[in-house]
file start-v4.cif (mmCIF, C-alpha atoms)
data_query
loop_
_atom_site.group_PDB
_atom_site.id
_atom_site.type_symbol
_atom_site.label_atom_id
_atom_site.label_comp_id
_atom_site.auth_asym_id
_atom_site.auth_seq_id
_atom_site.Cartn_x
_atom_site.Cartn_y
_atom_site.Cartn_z
ATOM 1 C CA MET A 1 107.844 -55.061 139.985
ATOM 2 C CA LYS A 2 108.705 -56.191 143.509
ATOM 3 C CA ASN A 3 111.507 -58.578 144.461
ATOM 4 C CA ILE A 4 111.162 -61.721 146.557
ATOM 5 C CA PHE A 5 114.366 -63.391 147.752
ATOM 6 C CA LEU A 6 114.212 -67.209 147.907
ATOM 7 C CA PHE A 7 116.650 -69.284 149.979
ATOM 8 C CA SER A 8 117.281 -73.028 149.729
ATOM 9 C CA GLY A 9 118.095 -75.413 152.576
ATOM 10 C CA GLN A 10 120.117 -78.484 153.529
ATOM 11 C CA GLY A 11 121.233 -80.608 150.639
ATOM 12 C CA SER A 12 121.887 -77.734 148.252
ATOM 13 C CA GLN A 13 125.415 -77.058 149.512
ATOM 14 C CA TYR A 14 128.609 -78.185 147.809
ATOM 15 C CA TYR A 15 132.300 -77.342 147.896
ATOM 16 C CA HIS A 16 133.333 -74.261 145.893
ATOM 17 C CA MET A 17 129.753 -72.954 145.663
ATOM 18 C CA GLY A 18 129.795 -69.453 144.264
ATOM 19 C CA SER A 19 133.492 -69.633 143.396
ATOM 20 C CA ASP A 20 133.058 -68.142 139.922
ATOM 21 C CA LEU A 21 131.076 -65.179 141.267
ATOM 22 C CA ARG A 22 133.600 -64.768 144.059
ATOM 23 C CA GLU A 23 136.417 -64.521 141.508
ATOM 24 C CA SER A 24 134.591 -62.056 139.248
ATOM 25 C CA HIS A 25 132.673 -59.847 141.694
ATOM 26 C CA PRO A 26 134.760 -57.959 144.299
ATOM 27 C CA GLY A 27 131.645 -56.980 146.240
ATOM 28 C CA PHE A 28 130.598 -60.592 146.735
ATOM 29 C CA GLU A 29 134.132 -61.520 147.785
ATOM 30 C CA HIS A 30 134.174 -58.609 150.261
ATOM 31 C CA ASN A 31 130.875 -59.677 151.784
ATOM 32 C CA LEU A 32 132.015 -63.285 152.077
ATOM 33 C CA THR A 33 135.210 -62.211 153.820
ATOM 34 C CA LYS A 34 133.305 -59.958 156.243
ATOM 35 C CA LEU A 35 130.793 -62.677 157.125
ATOM 36 C CA ALA A 36 133.523 -65.310 157.439
ATOM 37 C CA LYS A 37 135.116 -63.158 160.147
ATOM 38 C CA ILE A 38 131.825 -63.227 162.069
ATOM 39 C CA VAL A 39 131.622 -67.010 161.639
ATOM 40 C CA SER A 40 135.177 -67.328 162.961
ATOM 41 C CA ASP A 41 134.363 -65.132 165.970
ATOM 42 C CA VAL A 42 131.365 -67.335 166.845
ATOM 43 C CA THR A 43 132.696 -70.795 166.021
ATOM 44 C CA GLY A 44 136.471 -70.537 165.616
ATOM 45 C CA CYS A 45 136.046 -72.008 162.137
ATOM 46 C CA SER A 46 137.539 -70.550 158.952
ATOM 47 C CA ILE A 47 134.478 -71.273 156.829
ATOM 48 C CA LEU A 48 135.964 -70.006 153.545
ATOM 49 C CA ASP A 49 138.911 -72.373 153.957
ATOM 50 C CA VAL A 50 136.365 -75.174 154.324
ATOM 51 C CA VAL A 51 134.165 -74.216 151.365
ATOM 52 C CA TYR A 52 137.018 -73.361 148.989
ATOM 53 C CA ASP A 53 139.432 -76.093 150.049
ATOM 54 C CA PRO A 54 141.611 -76.708 146.933
ATOM 55 C CA GLY A 55 141.767 -80.374 147.865
ATOM 56 C CA LYS A 56 138.022 -80.778 147.409
ATOM 57 C CA GLN A 57 135.942 -81.221 144.278
ATOM 58 C CA LYS A 58 132.407 -79.921 143.816
ATOM 59 C CA SER A 59 131.254 -83.524 143.661
ATOM 60 C CA ASP A 60 132.766 -84.469 147.044
ATOM 61 C CA ASN A 61 130.291 -85.149 149.851
ATOM 62 C CA PHE A 62 129.791 -81.996 151.944
ATOM 63 C CA SER A 63 127.460 -83.339 154.621
ATOM 64 C CA ASP A 64 128.988 -82.332 157.974
ATOM 65 C CA CYS A 65 125.920 -80.585 159.363
ATOM 66 C CA ARG A 66 127.743 -77.958 161.409
ATOM 67 C CA LEU A 67 130.104 -76.862 158.659
ATOM 68 C CA SER A 68 127.841 -77.310 155.645
ATOM 69 C CA ASN A 69 124.885 -75.494 157.189
ATOM 70 C CA ILE A 70 127.005 -72.534 158.299
ATOM 71 C CA ALA A 71 128.564 -72.479 154.828
ATOM 72 C CA LEU A 72 125.146 -72.378 153.186
ATOM 73 C CA LEU A 73 123.942 -69.605 155.497
ATOM 74 C CA THR A 74 127.097 -67.573 154.780
ATOM 75 C CA ILE A 75 126.932 -67.937 150.996
ATOM 76 C CA GLU A 76 123.233 -67.079 150.832
ATOM 77 C CA TYR A 77 123.485 -64.047 153.088
ATOM 78 C CA ALA A 78 126.612 -62.766 151.314
ATOM 79 C CA LEU A 79 124.694 -62.935 148.034
ATOM 80 C CA ALA A 80 121.707 -61.165 149.602
ATOM 81 C CA GLU A 81 123.968 -58.344 150.799
ATOM 82 C CA THR A 82 125.587 -58.132 147.361
ATOM 83 C CA LEU A 83 122.225 -57.743 145.638
ATOM 84 C CA ILE A 84 121.028 -55.159 148.168
ATOM 85 C CA GLN A 85 124.216 -53.156 147.603
ATOM 86 C CA ALA A 86 123.385 -53.255 143.876
ATOM 87 C CA ASP A 87 120.011 -51.679 144.735
ATOM 88 C CA ILE A 88 118.125 -54.941 144.242
ATOM 89 C CA ILE A 89 116.091 -54.654 147.407
ATOM 90 C CA PRO A 90 113.845 -57.485 148.643
ATOM 91 C CA ASP A 91 110.200 -56.684 149.274
ATOM 92 C CA ALA A 92 109.580 -60.152 150.723
ATOM 93 C CA VAL A 93 111.539 -63.305 151.566
ATOM 94 C CA CYS A 94 110.889 -67.049 151.611
ATOM 95 C CA GLY A 95 113.237 -69.801 152.742
ATOM 96 C CA MET A 96 113.155 -73.576 152.580
ATOM 97 C CA SER A 97 114.209 -75.360 155.775
ATOM 98 C CA LEU A 98 117.635 -73.931 156.737
ATOM 99 C CA GLY A 99 116.925 -71.127 154.265
ATOM 100 C CA GLU A 100 114.421 -69.716 156.764
ATOM 101 C CA TYR A 101 117.363 -68.640 158.935
ATOM 102 C CA THR A 102 118.766 -66.579 156.074
ATOM 103 C CA ALA A 103 115.309 -65.231 155.277
ATOM 104 C CA ALA A 104 114.868 -64.203 158.913
ATOM 105 C CA VAL A 105 118.195 -62.329 158.915
ATOM 106 C CA VAL A 106 117.301 -60.453 155.726
ATOM 107 C CA ALA A 107 113.856 -59.664 157.165
ATOM 108 C CA GLY A 108 115.466 -58.165 160.286
ATOM 109 C CA ALA A 109 114.384 -60.750 162.873
ATOM 110 C CA MET A 110 117.973 -61.370 164.006
ATOM 111 C CA GLU A 111 121.572 -60.550 163.231
ATOM 112 C CA PHE A 112 123.702 -62.801 161.057
ATOM 113 C CA LYS A 113 125.849 -63.539 164.129
ATOM 114 C CA THR A 114 122.807 -64.901 165.971
ATOM 115 C CA ALA A 115 121.864 -67.081 163.017
ATOM 116 C CA VAL A 116 125.404 -68.525 162.937
ATOM 117 C CA HIS A 117 125.134 -69.328 166.649
ATOM 118 C CA LEU A 118 121.791 -71.072 166.135
ATOM 119 C CA VAL A 119 122.901 -73.070 163.100
ATOM 120 C CA ALA A 120 126.099 -74.152 164.852
ATOM 121 C CA SER A 121 124.114 -75.092 167.969
ATOM 122 C CA ALA A 122 121.654 -77.111 165.904
ATOM 123 C CA GLY A 123 124.502 -79.065 164.344
ATOM 124 C CA ALA A 124 126.021 -79.777 167.760
ATOM 125 C CA CYS A 125 122.632 -80.950 169.105
ATOM 126 C CA PHE A 126 122.026 -83.278 166.162
ATOM 127 C CA ASP A 127 125.546 -84.694 166.434
ATOM 128 C CA ALA A 128 125.150 -85.298 170.171
ATOM 129 C CA HIS A 129 121.637 -86.750 170.265
ATOM 130 C CA CYS A 130 120.684 -88.237 166.884
ATOM 131 C CA GLU A 131 121.598 -91.401 165.047
ATOM 132 C CA PRO A 132 122.963 -90.883 161.523
ATOM 133 C CA GLY A 133 120.262 -90.381 158.914
ATOM 134 C CA ALA A 134 119.747 -89.634 155.253
ATOM 135 C CA MET A 135 117.425 -88.027 152.730
ATOM 136 C CA LEU A 136 116.389 -89.262 149.287
ATOM 137 C CA ALA A 137 114.819 -87.365 146.420
ATOM 138 C CA VAL A 138 112.480 -89.803 144.660
ATOM 139 C CA LEU A 139 111.597 -89.020 141.046
ATOM 140 C CA ASP A 140 108.203 -90.677 140.937
ATOM 141 C CA ASP A 141 104.589 -90.122 141.925
ATOM 142 C CA ILE A 142 104.100 -89.773 145.668
ATOM 143 C CA SER A 143 101.484 -92.538 145.604
ATOM 144 C CA ILE A 144 104.311 -95.080 145.777
ATOM 145 C CA TYR A 145 105.122 -93.732 149.241
ATOM 146 C CA HIS A 146 101.604 -94.132 150.581
ATOM 147 C CA ASP A 147 101.088 -97.512 148.911
ATOM 148 C CA ASN A 148 104.245 -99.167 150.217
ATOM 149 C CA GLU A 149 105.062 -99.840 153.864
ATOM 150 C CA ILE A 150 108.774 -100.116 153.113
ATOM 151 C CA LEU A 151 108.667 -96.367 152.509
ATOM 152 C CA SER A 152 105.885 -95.122 154.762
ATOM 153 C CA ALA A 153 106.691 -97.184 157.866
ATOM 154 C CA THR A 154 110.362 -96.246 158.108
ATOM 155 C CA THR A 155 110.654 -92.744 156.631
ATOM 156 C CA ASP A 156 108.809 -89.420 156.612
ATOM 157 C CA ILE A 157 107.976 -87.135 153.709
ATOM 158 C CA ALA A 158 110.234 -84.091 153.864
ATOM 159 C CA PHE A 159 109.036 -82.371 150.697
ATOM 160 C CA ASP A 160 106.278 -82.951 148.160
ATOM 161 C CA CYS A 161 106.414 -81.288 144.731
ATOM 162 C CA TYR A 162 102.761 -81.444 143.727
ATOM 163 C CA GLY A 163 102.856 -85.228 144.068
ATOM 164 C CA LYS A 164 105.112 -85.606 141.025
ATOM 165 C CA HIS A 165 108.334 -86.116 142.926
ATOM 166 C CA PHE A 166 109.189 -85.973 146.607
ATOM 167 C CA VAL A 167 111.913 -86.175 149.255
ATOM 168 C CA ILE A 168 111.886 -88.652 152.116
ATOM 169 C CA ALA A 169 114.000 -88.719 155.265
ATOM 170 C CA GLY A 170 114.803 -91.149 158.057
ATOM 171 C CA ASP A 171 117.508 -93.069 159.833
ATOM 172 C CA VAL A 172 120.157 -94.976 157.899
ATOM 173 C CA ASN A 173 118.493 -98.378 158.257
ATOM 174 C CA GLY A 174 115.159 -97.103 156.998
ATOM 175 C CA ILE A 175 116.689 -95.263 154.050
ATOM 176 C CA ASN A 176 118.825 -98.288 153.141
ATOM 177 C CA ALA A 177 115.703 -100.452 152.965
ATOM 178 C CA VAL A 178 114.020 -97.844 150.762
ATOM 179 C CA GLU A 179 117.080 -97.620 148.510
ATOM 180 C CA LYS A 180 117.036 -101.397 147.988
ATOM 181 C CA TYR A 181 113.337 -101.329 147.082
ATOM 182 C CA LEU A 182 113.690 -98.404 144.680
ATOM 183 C CA ARG A 183 116.565 -100.103 142.888
ATOM 184 C CA GLN A 184 114.524 -103.292 142.517
ATOM 185 C CA GLN A 185 111.666 -101.279 141.024
ATOM 186 C CA ASN A 186 113.945 -99.226 138.739
ATOM 187 C CA ILE A 187 112.679 -96.011 140.316
ATOM 188 C CA CYS A 188 115.031 -93.043 139.993
ATOM 189 C CA PHE A 189 116.286 -91.433 143.194
ATOM 190 C CA GLN A 190 119.132 -89.302 144.454
ATOM 191 C CA PHE A 191 120.754 -89.023 147.878
ATOM 192 C CA LEU A 192 121.052 -85.531 149.321
ATOM 193 C CA PRO A 193 124.368 -84.561 150.955
ATOM 194 C CA VAL A 194 123.164 -84.533 154.574
ATOM 195 C CA ALA A 195 124.183 -86.379 157.723
ATOM 196 C CA PHE A 196 120.699 -86.631 159.269
ATOM 197 C CA GLY A 197 117.141 -87.213 158.189
ATOM 198 C CA TYR A 198 115.893 -83.664 158.582
ATOM 199 C CA HIS A 199 112.104 -83.245 158.609
ATOM 200 C CA SER A 200 111.698 -86.724 160.053
ATOM 201 C CA ARG A 201 111.525 -88.617 163.333
ATOM 202 C CA ASN A 202 115.296 -89.192 162.997
ATOM 203 C CA ILE A 203 116.032 -85.798 164.591
ATOM 204 C CA ASP A 204 113.426 -85.984 167.398
ATOM 205 C CA PRO A 205 116.038 -86.893 170.062
ATOM 206 C CA ALA A 206 117.581 -83.407 169.614
ATOM 207 C CA HIS A 207 114.285 -81.601 170.313
ATOM 208 C CA ASN A 208 114.784 -80.725 173.993
ATOM 209 C CA ALA A 209 118.408 -79.671 173.629
ATOM 210 C CA TYR A 210 117.847 -77.425 170.624
ATOM 211 C CA THR A 211 114.560 -75.875 171.707
ATOM 212 C CA GLY A 212 116.202 -75.018 175.021
ATOM 213 C CA ILE A 213 118.727 -72.910 173.103
ATOM 214 C CA LEU A 214 116.075 -71.417 170.804
ATOM 215 C CA ASN A 215 113.781 -70.427 173.638
ATOM 216 C CA SER A 216 116.566 -68.531 175.388
ATOM 217 C CA LEU A 217 116.508 -65.957 172.571
ATOM 218 C CA SER A 218 114.069 -63.288 171.511
ATOM 219 C CA PHE A 219 113.549 -62.163 167.939
ATOM 220 C CA ARG A 220 112.901 -58.706 166.530
ATOM 221 C CA LYS A 221 109.870 -57.606 164.585
ATOM 222 C CA LEU A 222 110.001 -58.489 160.900
ATOM 223 C CA HIS A 223 110.401 -55.441 158.677
ATOM 224 C CA MET A 224 109.233 -57.176 155.495
ATOM 225 C CA PRO A 225 106.880 -60.053 154.656
ATOM 226 C CA LEU A 226 108.313 -63.500 155.361
ATOM 227 C CA TYR A 227 106.499 -66.399 153.710
ATOM 228 C CA SER A 228 107.243 -69.527 155.712
ATOM 229 C CA THR A 229 107.552 -73.013 154.265
ATOM 230 C CA VAL A 230 106.576 -74.355 157.697
ATOM 231 C CA THR A 231 103.238 -72.580 158.008
ATOM 232 C CA ALA A 232 102.735 -72.191 154.232
ATOM 233 C CA ARG A 233 101.702 -68.579 154.691
ATOM 234 C CA ARG A 234 103.034 -65.177 155.644
ATOM 235 C CA ILE A 235 104.018 -64.987 159.294
ATOM 236 C CA GLU A 236 103.965 -61.886 161.464
ATOM 237 C CA TYR A 237 106.549 -62.794 164.100
ATOM 238 C CA LEU A 238 109.114 -65.472 164.933
ATOM 239 C CA ASP A 239 109.778 -67.430 168.096
ATOM 240 C CA GLY A 240 112.202 -70.190 168.963
ATOM 241 C CA ASN A 241 109.735 -72.973 168.280
ATOM 242 C CA HIS A 242 109.494 -71.827 164.671
ATOM 243 C CA PHE A 243 113.095 -72.777 163.966
ATOM 244 C CA TRP A 244 112.639 -76.225 165.467
ATOM 245 C CA ARG A 245 109.687 -76.636 163.128
ATOM 246 C CA THR A 246 111.816 -75.607 160.132
ATOM 247 C CA ALA A 247 114.011 -78.641 160.807
ATOM 248 C CA ARG A 248 111.330 -81.129 161.835
ATOM 249 C CA GLU A 249 108.169 -80.496 159.824
ATOM 250 C CA PRO A 250 107.684 -81.053 156.080
ATOM 251 C CA ILE A 251 108.784 -78.292 153.718
ATOM 252 C CA ARG A 252 105.614 -76.736 152.293
ATOM 253 C CA PHE A 253 107.330 -74.604 149.683
ATOM 254 C CA MET A 254 104.730 -74.907 146.962
ATOM 255 C CA GLU A 255 101.938 -73.980 149.373
ATOM 256 C CA ALA A 256 103.937 -71.031 150.697
ATOM 257 C CA LEU A 257 104.317 -69.695 147.159
ATOM 258 C CA ASP A 258 100.604 -70.183 146.543
ATOM 259 C CA SER A 259 99.903 -67.988 149.590
ATOM 260 C CA ILE A 260 101.848 -64.996 148.227
ATOM 261 C CA ASP A 261 99.664 -62.016 147.415
ATOM 262 C CA ASN A 262 98.758 -62.464 143.759
ATOM 263 C CA SER A 263 97.798 -58.805 143.437
ATOM 264 C CA GLU A 264 101.519 -57.986 143.446
ATOM 265 C CA CYS A 265 103.871 -58.688 140.551
ATOM 266 C CA TYR A 266 107.050 -60.290 141.897
ATOM 267 C CA ARG A 267 110.483 -60.961 140.515
ATOM 268 C CA TYR A 268 111.533 -64.297 142.081
ATOM 269 C CA ILE A 269 115.261 -64.375 142.852
ATOM 270 C CA ASP A 270 116.895 -67.635 143.934
ATOM 271 C CA LEU A 271 119.800 -66.966 146.299
ATOM 272 C CA GLY A 272 120.611 -70.619 146.919
ATOM 273 C CA PRO A 273 123.798 -72.130 145.435
ATOM 274 C CA THR A 274 122.210 -74.564 142.972
ATOM 275 C CA GLY A 275 119.314 -72.769 141.250
ATOM 276 C CA THR A 276 117.001 -75.488 142.592
ATOM 277 C CA VAL A 277 114.409 -73.072 143.939
ATOM 278 C CA ALA A 278 114.261 -71.282 140.580
ATOM 279 C CA ASN A 279 113.731 -74.667 138.914
ATOM 280 C CA LEU A 280 110.880 -75.422 141.312
ATOM 281 C CA MET A 281 109.362 -72.045 140.477
ATOM 282 C CA CYS A 282 109.555 -72.834 136.766
ATOM 283 C CA TYR A 283 107.974 -76.226 137.392
ATOM 284 C CA ARG A 284 105.186 -74.536 139.331
ATOM 285 C CA ARG A 285 104.547 -72.164 136.436
ATOM 286 C CA ARG A 286 104.514 -74.977 133.871
ATOM 287 C CA GLN A 287 103.210 -73.395 130.659
ATOM 288 C CA GLN A 288 103.180 -69.861 132.078
ATOM 289 C CA PRO A 289 105.973 -67.328 131.386
ATOM 290 C CA THR A 290 109.042 -67.681 133.597
ATOM 291 C CA SER A 291 110.809 -64.468 132.609
ATOM 292 C CA ASN A 292 110.583 -63.110 136.170
ATOM 293 C CA ILE A 293 112.396 -66.100 137.744
ATOM 294 C CA PHE A 294 116.141 -65.658 138.282
ATOM 295 C CA PRO A 295 118.759 -68.086 139.581
ATOM 296 C CA VAL A 296 122.125 -66.499 140.385
ATOM 297 C CA VAL A 297 124.665 -69.004 141.721
ATOM 298 C CA THR A 298 124.746 -72.493 140.166
ATOM 299 C CA PRO A 299 127.366 -75.286 139.971
ATOM 300 C CA PHE A 300 127.852 -74.643 136.247
ATOM 301 C CA ASN A 301 130.194 -71.618 136.315
ATOM 302 C CA ASN A 302 127.533 -69.272 134.936
ATOM 303 C CA SER A 303 126.932 -67.250 138.088
ATOM 304 C CA ARG A 304 128.375 -64.006 136.736
ATOM 305 C CA MET A 305 126.234 -64.314 133.607
ATOM 306 C CA ASN A 306 123.149 -64.971 135.766
ATOM 307 C CA TYR A 307 124.005 -62.016 137.984
ATOM 308 C CA ASN A 308 124.308 -59.748 134.941
ATOM 309 C CA LYS A 309 120.970 -60.976 133.566
ATOM 310 C CA LEU A 310 119.300 -60.146 136.868
ATOM 311 C CA THR A 311 120.809 -56.683 137.193
ATOM 312 C CA HIS A 312 119.946 -55.930 133.548
ATOM 313 C CA ALA A 313 116.322 -56.976 134.115
ATOM 314 C CA VAL A 314 116.053 -54.869 137.267
ATOM 315 C CA ASN A 315 117.629 -51.805 135.623
ATOM 316 C CA GLN A 316 115.399 -52.167 132.563
ATOM 317 C CA SER A 317 112.329 -52.411 134.792
ATOM 318 C CA GLN A 318 113.395 -49.350 136.788
ATOM 319 C CA ARG A 319 113.951 -47.316 133.610
ATOM 320 C CA SER A 320 110.564 -48.376 132.285
ATOM 321 C CA SER A 321 108.885 -47.422 135.550
ATOM 322 C CA PHE A 322 110.665 -44.058 135.587
ATOM 323 C CA THR A 323 109.559 -43.307 132.017
ATOM 324 C CA THR A 324 105.961 -44.253 132.867
ATOM 325 C CA ASP A 325 105.992 -42.007 135.942
ATOM 326 C CA ILE A 326 107.186 -39.032 133.883
ATOM 327 C CA ALA A 327 104.569 -39.641 131.225
#
call {"tool": "encode", "arguments": {"input": "start-v4.cif", "output": "structure tokens"}}
result
Amino acid sequence: MKNIFLFSGQGSQYYHMGSDLRESHPGFEHNLTKLAKIVSDVTGCSILDVVYDPGKQKSDNFSDCRLSNIALLTIEYALAETLIQADIIPDAVCGMSLGEYTAAVVAGAMEFKTAVHLVASAGACFDAHCEPGAMLAVLDDISIYHDNEILSATTDIAFDCYGKHFVIAGDVNGINAVEKYLRQQNICFQFLPVAFGYHSRNIDPAHNAYTGILNSLSFRKLHMPLYSTVTARRIEYLDGNHFWRTAREPIRFMEALDSIDNSECYRYIDLGPTGTVANLMCYRRRQQPTSNIFPVVTPFNNSRMNYNKLTHAVNQSQRSSFTTDIA
């Protein structure tokens, strides 16, 4: 069975993410410390002091786009390195939104240091050029978006989960109007911890500044398949425009998963900090078996248990394959 690493994006970060795995797994702690030194060299920021600030609770808003996005990149890549060191090697990667940066690093398109530079630069561009924005996860059929101008005229769809629930994004005024309407209609929703309306017109003013930075770089050839949630298919190479599209265009995660080669049997491993991508995978499977879907880090202090479940499943699969080869 092959492994595909899945990475989540903006909105999945929170203070103290991965703290229980950090305390129980020296390898993960080592990788975090090593990557934090790189972050400090690039930005001057002590990212671990930010993420694991004892004065913060998990429930506190962690929406500063420069710090939170670098934190998410660091946690996800540290976990990827930890799994690789445990001989859980990815055969393919897929990232949602900001998660495409982590996926690109794992796939060899750029160094972690370059990704930190880009993520920090993106945050600076959004801060300098964009009005504050917001994102809402709406737990209802997507038809309410298309049938109501309060939603469709002022916000953009950032993510659509098979039409059953969706995420919208926009500027603060537009999202506030939507929030008022949803409350009146008793429709469930949840704000995401972000400072801007990613995947919407809210970030368009940052386009020239950020693409100027992106286009000054070149990217290496991918050394493993990367399934993009921008193009909804496997891509062969990356350029600067791709990373603008990861921030601006809708997240086509479900379509990207549908494009994965079905002739291969994959173990889907969620390296985000919430287990959200694993939950989406389970939702996609519906009545089908989900035994090959693995979250690792979650907010519920079960990360070490999840990590052990994953390593046990991989080791069991490897032993079974070895026995079959001998026979």
call {"tool": "resolve_selection", "arguments": {"input": "start-v4.cif", "expression": "the PyMOL selection byres ((chain A and resi 300-317) around 8)", "output": "number ranges by chain"}}
result
A: 1, 18, 20-21, 24-25, 86, 88, 294-299, 318-321
call {"tool": "write_last_selection", "arguments": {"input": "start-v4.cif", "atoms": "C-alpha atoms", "output": "mmCIF file, keeping the file's coordinate frame"}}
result
data_model
loop_
_atom_site.group_PDB
_atom_site.id
_atom_site.type_symbol
_atom_site.label_atom_id
_atom_site.label_comp_id
_atom_site.auth_asym_id
_atom_site.auth_seq_id
_atom_site.Cartn_x
_atom_site.Cartn_y
_atom_site.Cartn_z
ATOM 1 C CA MET A 1 107.844 -55.061 139.985
ATOM 2 C CA GLY A 18 129.795 -69.453 144.264
ATOM 3 C CA ASP A 20 133.058 -68.142 139.922
ATOM 4 C CA LEU A 21 131.076 -65.179 141.267
ATOM 5 C CA SER A 24 134.591 -62.056 139.248
ATOM 6 C CA HIS A 25 132.673 -59.847 141.694
ATOM 7 C CA ALA A 86 123.385 -53.255 143.876
ATOM 8 C CA ILE A 88 118.125 -54.941 144.242
ATOM 9 C CA PHE A 294 116.141 -65.658 138.282
ATOM 10 C CA PRO A 295 118.759 -68.086 139.581
ATOM 11 C CA VAL A 296 122.125 -66.499 140.385
ATOM 12 C CA VAL A 297 124.665 -69.004 141.721
ATOM 13 C CA THR A 298 124.746 -72.493 140.166
ATOM 14 C CA PRO A 299 127.366 -75.286 139.971
ATOM 15 C CA GLN A 318 113.395 -49.350 136.788
ATOM 16 C CA ARG A 319 113.951 -47.316 133.610
ATOM 17 C CA SER A 320 110.564 -48.376 132.285
ATOM 18 C CA SER A 321 108.885 -47.422 135.550
#
call {"tool": "resolve_selection", "arguments": {"input": "start-v4.cif", "expression": "the PyMOL selection byres ((chain A and resi 126-135) around 8)", "output": "list of chain:residue names"}}
result
A:Ala122, A:Gly123, A:Ala124, A:Cys125, A:Leu136, A:Ala137, A:Val167, A:Ile168, A:Ala169, A:Gly170, A:Asp171, A:Val172, A:Ile175, A:Phe191, A:Leu192, A:Pro193, A:Val194, A:Ala195, A:Phe196, A:Gly197, A:Tyr198, A:Asn202, A:Ile203, A:Asp204, A:Pro205, A:Ala206
call {"tool": "atom_distance", "arguments": {"input": "start-v4.cif", "atom1": "atom CA of A:Ile38", "atom2": "atom CA of A:Phe5"}}
result
22.6 Å
call {"tool": "resolve_selection", "arguments": {"input": "start-v4.cif", "expression": "the PyMOL selection byres ((chain A and resi 221) around 8)", "output": "ChimeraX atom specification"}}
result
/A:108-109,219-220,222-223,236-238
call {"tool": "write_last_selection", "arguments": {"input": "start-v4.cif", "atoms": "C-alpha atoms", "output": "JSON list (two decimals), keeping the file's coordinate frame"}}
result
[["chain", "number", "residue", "atom", "x", "y", "z"],
["A", 108, "GLY", "CA", 115.47, -58.16, 160.29],
["A", 109, "ALA", "CA", 114.38, -60.75, 162.87],
["A", 219, "PHE", "CA", 113.55, -62.16, 167.94],
["A", 220, "ARG", "CA", 112.90, -58.71, 166.53],
["A", 222, "LEU", "CA", 110.00, -58.49, 160.90],
["A", 223, "HIS", "CA", 110.40, -55.44, 158.68],
["A", 236, "GLU", "CA", 103.96, -61.89, 161.46],
["A", 237, "TYR", "CA", 106.55, -62.79, 164.10],
["A", 238, "LEU", "CA", 109.11, -65.47, 164.93]]
call {"tool": "closest_residue", "arguments": {"input": "start-v4.cif", "among": "A:Val105, A:Ala256, A:Ala80, A:Ala115", "to": "A:Asn3", "atoms": "only C-alpha atoms"}}
result
A:Ala80
call {"tool": "residues_around", "arguments": {"input": "start-v4.cif", "residues": "A:Val106", "least_positions_apart": "3", "cutoff": "10 Å", "atoms": "all atoms listed in the file", "output": "PyMOL selection string"}}
result
chain A and resi 5+77+80-81+84+90+92-93+100-103+109-112+222-224+226
call {"tool": "residues_near_point", "arguments": {"input": "start-v4.cif", "point": "(125.1, -81.0, 153.3)", "cutoff": "8 Å", "atoms": "all atoms listed in the file", "output": "list in words"}}
result
Gln10, Gly11, Ser12, Gln13, Tyr14, Asn61, Phe62, Ser63, Asp64, Cys65, Ser68, Asn69, Leu192, Pro193, Val194 and Ala195 of chain A
call {"tool": "closest_atom_pairs", "arguments": {"input": "start-v4.cif", "of": "stretch 2-36 of chain A", "to": "stretch 45-60 of chain A", "cutoff": "9 Å", "atoms": "all atoms listed in the file", "output": "Markdown table"}}
result
| residue | atom | partner | partner_atom | distance |
| --- | --- | --- | --- | --- |
| A:Tyr14 | CA | A:Lys58 | CA | 5.8 |
| A:Tyr15 | CA | A:Lys58 | CA | 4.8 |
| A:His16 | CA | A:Tyr52 | CA | 4.9 |
| A:Met17 | CA | A:Val51 | CA | 7.3 |
| A:Ser19 | CA | A:Tyr52 | CA | 7.6 |
| A:Leu32 | CA | A:Leu48 | CA | 7.9 |
| A:Thr33 | CA | A:Leu48 | CA | 7.8 |
| A:Ala36 | CA | A:Ile47 | CA | 6.1 |
call {"tool": "atom_distance", "arguments": {"input": "start-v4.cif", "atom1": "atom CA of A:Ala209", "atom2": "atom CA of A:Phe159"}}
result
24.9 Å
call {"tool": "atom_distance", "arguments": {"input": "start-v4.cif", "atom1": "atom CA of A:Ser121", "atom2": "atom CA of A:Ile157"}}
result
24.7 Å
call {"tool": "residues_near_point", "arguments": {"input": "start-v4.cif", "point": "(119.2, -68.2, 146.7)", "cutoff": "7 Å", "atoms": "only C-alpha atoms", "output": "PyMOL selection string"}}
result
chain A and resi 5-8+76+269-273
call {"tool": "closest_residue", "arguments": {"input": "start-v4.cif", "among": "A:Ile89, A:Ile70, A:Cys188, A:Cys161", "to": "A:Arg252", "atoms": "only C-alpha atoms"}}
result
A:Cys161
call {"tool": "closest_residue", "arguments": {"input": "start-v4.cif", "among": "A:Asn215, A:Thr274, A:Ser97, A:Thr154", "to": "A:Asn176", "atoms": "all atoms listed in the file"}}
result
A:Thr154
call {"tool": "axis_aligned_box", "arguments": {"input": "start-v4.cif", "around": "stretch 121-128 of chain A", "padding_each_side": "4 Å", "output": "JSON"}}
result
{"center_x": 123.8, "center_y": -80.2, "center_z": 167.3, "size_x": 12.4, "size_y": 18.2, "size_z": 13.8}
call {"tool": "closest_residue", "arguments": {"input": "start-v4.cif", "among": "A:Ile144, A:Ser152, A:Cys94, A:Ser200", "to": "A:Glu255", "atoms": "only C-alpha atoms"}}
result
A:Cys94
